[in-house]
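Report on the following structure.
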Amino acid sequence: HSLQNIHLEQLPRCPVCLRMKNKHRPISNIGRFVQPRPGLLFHMDLKTVRTRSINHEHYVVDIIDDNSDKTWIYCLRKKSDALEYALKVFVDTVCRPRGINFFALRIDNGGELVSHETQAYCADHGIHLVPVPAYRHALNGVAEKFWDTLFGMIRCLLEQVLMHVFLWNYAARHANRLICSGPKAPDWITPDFKWDGTPSDISVHRVFGCRVYTHINRPLGTLDARGEEMRYLGFSHDPNFHHLYRVHDRRVFTTDDVTFVQTYFLLPEYSGNM
């Protein structure tokens, strides 16, 4: 018989090759189906950060609406807190006020969200879990891809103003607000507007890491200074309350008594070859 008459697809599959040369099957290049309105499907993922934050956090959870790309992030100290301080907080503060009583939640097969306690909570609150197969992170690509955008912005925010890396949790919240306030392709509508129809108010945003001055709330002498300089870390849930960082003792304060100096902030000294 001539080798030209042998077709490889007709030969029996070699068990040794199937075991030793096995690879992931390619994921379909067909575009994903986007939900017709917000609140029907959310994507959720957990990311580990090696650097411990100033609040002793090592993990961050993102929850993304499939239709609007609106994102919420929650910083956690332990993986086991994903249910208590991420999913439950999201349901109580985001879903219930909007009247969203039933929705699907796409997750990976991480142990933090497949426990019996999590499944019981989801069953009681109208949440349909949609876990993707193990080690197939691309199937949860909406939540996975967001990490590239978020942590790219975090690195730039911290490097731009020479802030300590343990402030990444405040930089993450600030970056997420900027992402949700900016237009996105292909329709160039902001996620905030697609989520609830309210235009984003960009006037509440300040330069991350800029100098601020706040009033000193303690007994002072007649000639003592009435204010002290700090660095801006973003605003709280209420845009009128701001997080401030005092450099010399590495403490964070929240106050509404702030004067901003956004025309000056530290820049790194780059070499002349760049």
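Labels for the structure tokens follow display order: chains A, B, ..., residues from 1 in each chain, ligands from 1.
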
Which polymer residues have any atom within 9 Å of an atom of stretch 83-91 of chain A, counting only C-alpha atoms, with same-chain residues fewer than 3 positions away left out, as a PDB file with C-alpha atoms, in the first residue's frame?
ATOM      1  CA  VAL A  61     -13.384  40.673  44.125  1.00  0.00           C
ATOM      2  CA  ASP A  62     -14.940  42.154  41.013  1.00  0.00           C
ATOM      3  CA  ILE A  63     -18.609  41.862  40.016  1.00  0.00           C
ATOM      4  CA  TRP A  72     -18.132  46.845  41.683  1.00  0.00           C
ATOM      5  CA  ILE A  73     -14.998  45.808  43.583  1.00  0.00           C
ATOM      6  CA  TYR A  74     -14.586  44.611  47.152  1.00  0.00           C
ATOM      7  CA  CYS A  75     -11.240  44.253  48.961  1.00  0.00           C
ATOM      8  CA  LEU A  76     -10.998  41.311  51.372  1.00  0.00           C
ATOM      9  CA  LYS A  79     -10.803  34.295  50.628  1.00  0.00           C
ATOM     10  CA  SER A  80     -13.537  32.985  52.864  1.00  0.00           C
ATOM     11  CA  VAL A  94     -26.937  47.145  44.710  1.00  0.00           C
ATOM     12  CA  CYS A  95     -29.520  44.543  43.723  1.00  0.00           C
ATOM     13  CA  ARG A  96     -32.260  44.910  46.314  1.00  0.00           C
ATOM     14  CA  PRO A  97     -32.572  48.741  46.047  1.00  0.00           C
ATOM     15  CA  ILE A 100     -33.343  42.895  41.191  1.00  0.00           C
ATOM     16  CA  ASN A 101     -34.563  39.762  42.959  1.00  0.00           C
ATOM     17  CA  GLU A 112     -14.507  30.513  47.850  1.00  0.00           C
ATOM     18  CA  LEU A 113     -17.816  30.454  45.939  1.00  0.00           C
ATOM     19  CA  GLU A 117     -23.072  27.941  52.560  1.00  0.00           C
ATOM     20  CA  THR A 118     -22.764  29.955  49.343  1.00  0.00           C
ATOM     21  CA  TYR A 121     -27.527  31.596  50.256  1.00  0.00           C
ATOM     22  CA  HIS A 125     -32.022  34.833  47.369  1.00  0.00           C
TER      23      HIS A 125
END

Original post:
So which residues touch A:Leu233 within 9 Å, counting only C-alpha atoms, skipping near sequence neighbours fewer than 6 positions away, as a list of chain:residue names?
Top reply: A:Leu167, A:Tyr170, A:Ala171, A:His174, A:Val207, A:Phe208, A:Gly209, A:Cys210, A:His242, A:His243, A:Leu244, A:Tyr245, A:Val252

Subject >> Exercise: A:Leu139 partners within 12 Å, only C-alpha atoms, chain neighbours under 2 positions left out, as number ranges by chain >> reply: A: 26-29, 31-32, 43-45, 106-109, 130-137, 141-145

Subject >> Those in stretch 14-185 of chain A with strand (DSSP E or B) from DSSP, as number ranges by chain >> reply: A: 41-48, 59-65, 71-76, 103-107, 127-131, 184

**OP:** List every residue of stretch 79-263 of chain A that DSSP, applied to the backbone, labels as helix (DSSP H, G or I), and write the result as a PyMOL selection string.
**Re:** chain A and resi 79-98+116-124+137-160+165-181+191-196+202-204

Original post:
For the atom pair atom CA of A:Leu105 and atom CA of A:Leu40, what is the interatomic distance in Å to one decimal place?
Top reply: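 If I compute the distance from atom CA of A:Leu105 to atom CA of A:Leu40, I get 8.7 Å.
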
**OP:** State, in Å with one decimal place, the distance from atom CA of A:His56 to atom CA of A:Arg250.
**Re:** 13.4 Å

Subject >> Contact residues around A:Lys194 with only C-alpha atoms at 10 Å, ignoring same-chain residues under 6 positions, as number ranges by chain >> reply: A: 37-38, 67-70, 180

How would the residues just picked look written out with N, CA and C atoms as a compact mmCIF listing (two decimals), in the first residue's frame?
# COMPACT_ATOMS: atom_id res chain seq x y z
N ARG A 37 -30.69 43.64 28.84
CA ARG A 37 -30.86 44.74 29.79
C ARG A 37 -30.00 44.47 31.03
N PRO A 38 -29.70 45.50 31.80
CA PRO A 38 -28.86 45.30 33.00
C PRO A 38 -29.58 44.48 34.06
N ASN A 67 -24.55 43.47 30.74
CA ASN A 67 -25.08 44.40 29.75
C ASN A 67 -24.35 45.73 29.74
N SER A 68 -24.15 46.33 30.90
CA SER A 68 -23.62 47.69 30.97
C SER A 68 -22.12 47.77 31.24
N ASP A 69 -21.50 46.65 31.66
CA ASP A 69 -20.08 46.64 32.07
C ASP A 69 -19.84 47.46 33.33
N LYS A 70 -20.88 47.79 34.05
CA LYS A 70 -20.74 48.44 35.34
C LYS A 70 -20.06 47.48 36.31
N CYS A 180 -15.76 53.33 35.34
CA CYS A 180 -17.22 53.37 35.18
C CYS A 180 -17.72 54.74 34.75

Subject >> Who sits within 10 Å of stretch 149-153 of chain A, only C-alpha atoms, same chain under 2 positions skipped, as a PyMOL selection string >> reply: chain A and resi 144-147+155-159+168+171-176+178-179

Written selection (N, CA, C and O atoms) as a PDB file, in the first residue's frame:
ATOM      1  N   GLU A 144     -12.224  38.112  34.128  1.00  0.00           N
ATOM      2  CA  GLU A 144     -10.769  37.922  34.112  1.00  0.00           C
ATOM      3  C   GLU A 144     -10.071  39.072  33.383  1.00  0.00           C
ATOM      4  O   GLU A 144      -9.033  39.556  33.826  1.00  0.00           O
ATOM      5  N   LYS A 145     -10.626  39.507  32.272  1.00  0.00           N
ATOM      6  CA  LYS A 145      -9.993  40.560  31.479  1.00  0.00           C
ATOM      7  C   LYS A 145      -9.998  41.892  32.214  1.00  0.00           C
ATOM      8  O   LYS A 145      -9.112  42.736  32.012  1.00  0.00           O
ATOM      9  N   PHE A 146     -10.977  42.089  33.068  1.00  0.00           N
ATOM     10  CA  PHE A 146     -11.056  43.357  33.802  1.00  0.00           C
ATOM     11  C   PHE A 146      -9.828  43.573  34.675  1.00  0.00           C
ATOM     12  O   PHE A 146      -9.437  44.725  34.917  1.00  0.00           O
ATOM     13  N   TRP A 147      -9.211  42.493  35.153  1.00  0.00           N
ATOM     14  CA  TRP A 147      -8.031  42.666  36.016  1.00  0.00           C
ATOM     15  C   TRP A 147      -6.896  43.370  35.288  1.00  0.00           C
ATOM     16  O   TRP A 147      -6.155  44.144  35.894  1.00  0.00           O
ATOM     17  N   ARG A 155      -1.218  50.557  38.918  1.00  0.00           N
ATOM     18  CA  ARG A 155       0.235  50.770  38.840  1.00  0.00           C
ATOM     19  C   ARG A 155       0.567  52.180  38.380  1.00  0.00           C
ATOM     20  O   ARG A 155       1.494  52.816  38.899  1.00  0.00           O
ATOM     21  N   CYS A 156      -0.198  52.682  37.425  1.00  0.00           N
ATOM     22  CA  CYS A 156       0.065  54.043  36.930  1.00  0.00           C
ATOM     23  C   CYS A 156      -0.259  55.092  37.987  1.00  0.00           C
ATOM     24  O   CYS A 156       0.485  56.067  38.151  1.00  0.00           O
ATOM     25  N   LEU A 157      -1.361  54.912  38.703  1.00  0.00           N
ATOM     26  CA  LEU A 157      -1.738  55.889  39.726  1.00  0.00           C
ATOM     27  C   LEU A 157      -0.688  55.957  40.829  1.00  0.00           C
ATOM     28  O   LEU A 157      -0.307  57.056  41.267  1.00  0.00           O
ATOM     29  N   LEU A 158      -0.194  54.818  41.278  1.00  0.00           N
ATOM     30  CA  LEU A 158       0.788  54.805  42.363  1.00  0.00           C
ATOM     31  C   LEU A 158       2.141  55.322  41.889  1.00  0.00           C
ATOM     32  O   LEU A 158       2.844  56.036  42.611  1.00  0.00           O
ATOM     33  N   GLU A 159       2.536  54.960  40.669  1.00  0.00           N
ATOM     34  CA  GLU A 159       3.837  55.392  40.158  1.00  0.00           C
ATOM     35  C   GLU A 159       3.843  56.888  39.857  1.00  0.00           C
ATOM     36  O   GLU A 159       4.848  57.563  40.060  1.00  0.00           O
ATOM     37  N   TRP A 168      -2.677  50.160  47.450  1.00  0.00           N
ATOM     38  CA  TRP A 168      -3.307  49.683  46.218  1.00  0.00           C
ATOM     39  C   TRP A 168      -4.823  49.558  46.359  1.00  0.00           C
ATOM     40  O   TRP A 168      -5.548  49.691  45.364  1.00  0.00           O
ATOM     41  N   ALA A 171      -6.261  52.914  45.577  1.00  0.00           N
ATOM     42  CA  ALA A 171      -6.057  53.160  44.149  1.00  0.00           C
ATOM     43  C   ALA A 171      -7.021  52.323  43.308  1.00  0.00           C
ATOM     44  O   ALA A 171      -7.500  52.773  42.261  1.00  0.00           O
ATOM     45  N   ALA A 172      -7.334  51.102  43.766  1.00  0.00           N
ATOM     46  CA  ALA A 172      -8.262  50.238  43.032  1.00  0.00           C
ATOM     47  C   ALA A 172      -9.661  50.842  43.010  1.00  0.00           C
ATOM     48  O   ALA A 172     -10.321  50.863  41.962  1.00  0.00           O
ATOM     49  N   ARG A 173     -10.122  51.345  44.138  1.00  0.00           N
ATOM     50  CA  ARG A 173     -11.462  51.950  44.175  1.00  0.00           C
ATOM     51  C   ARG A 173     -11.511  53.211  43.319  1.00  0.00           C
ATOM     52  O   ARG A 173     -12.497  53.472  42.626  1.00  0.00           O
ATOM     53  N   HIS A 174     -10.442  54.005  43.376  1.00  0.00           N
ATOM     54  CA  HIS A 174     -10.395  55.226  42.566  1.00  0.00           C
ATOM     55  C   HIS A 174     -10.384  54.871  41.085  1.00  0.00           C
ATOM     56  O   HIS A 174     -11.102  55.488  40.280  1.00  0.00           O
ATOM     57  N   ALA A 175      -9.582  53.885  40.700  1.00  0.00           N
ATOM     58  CA  ALA A 175      -9.498  53.489  39.292  1.00  0.00           C
ATOM     59  C   ALA A 175     -10.824  52.933  38.804  1.00  0.00           C
ATOM     60  O   ALA A 175     -11.248  53.205  37.672  1.00  0.00           O
ATOM     61  N   ASN A 176     -11.509  52.153  39.628  1.00  0.00           N
ATOM     62  CA  ASN A 176     -12.787  51.582  39.209  1.00  0.00           C
ATOM     63  C   ASN A 176     -13.822  52.670  38.966  1.00  0.00           C
ATOM     64  O   ASN A 176     -14.629  52.576  38.029  1.00  0.00           O
ATOM     65  N   LEU A 178     -13.167  55.680  37.950  1.00  0.00           N
ATOM     66  CA  LEU A 178     -12.804  56.316  36.680  1.00  0.00           C
ATOM     67  C   LEU A 178     -13.236  55.463  35.492  1.00  0.00           C
ATOM     68  O   LEU A 178     -13.709  55.982  34.476  1.00  0.00           O
ATOM     69  N   ILE A 179     -13.081  54.140  35.602  1.00  0.00           N
ATOM     70  CA  ILE A 179     -13.474  53.246  34.521  1.00  0.00           C
ATOM     71  C   ILE A 179     -14.970  53.334  34.265  1.00  0.00           C
ATOM     72  O   ILE A 179     -15.431  53.402  33.118  1.00  0.00           O
TER      73      ILE A 179
END

Subject >> Non-local contacts of A:Ile216 (8 Å; only C-alpha atoms; under 4 positions in same chain excluded) as a list in words >> reply: Arg226, Gly227 and Glu228 of chain A

Subject >> Distance in Å - atom CA of A:Phe253 versus atom CA of A:Ile202 >> reply: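 Going from atom CA of A:Phe253 over to atom CA of A:Ile202 covers 23.0 Å.
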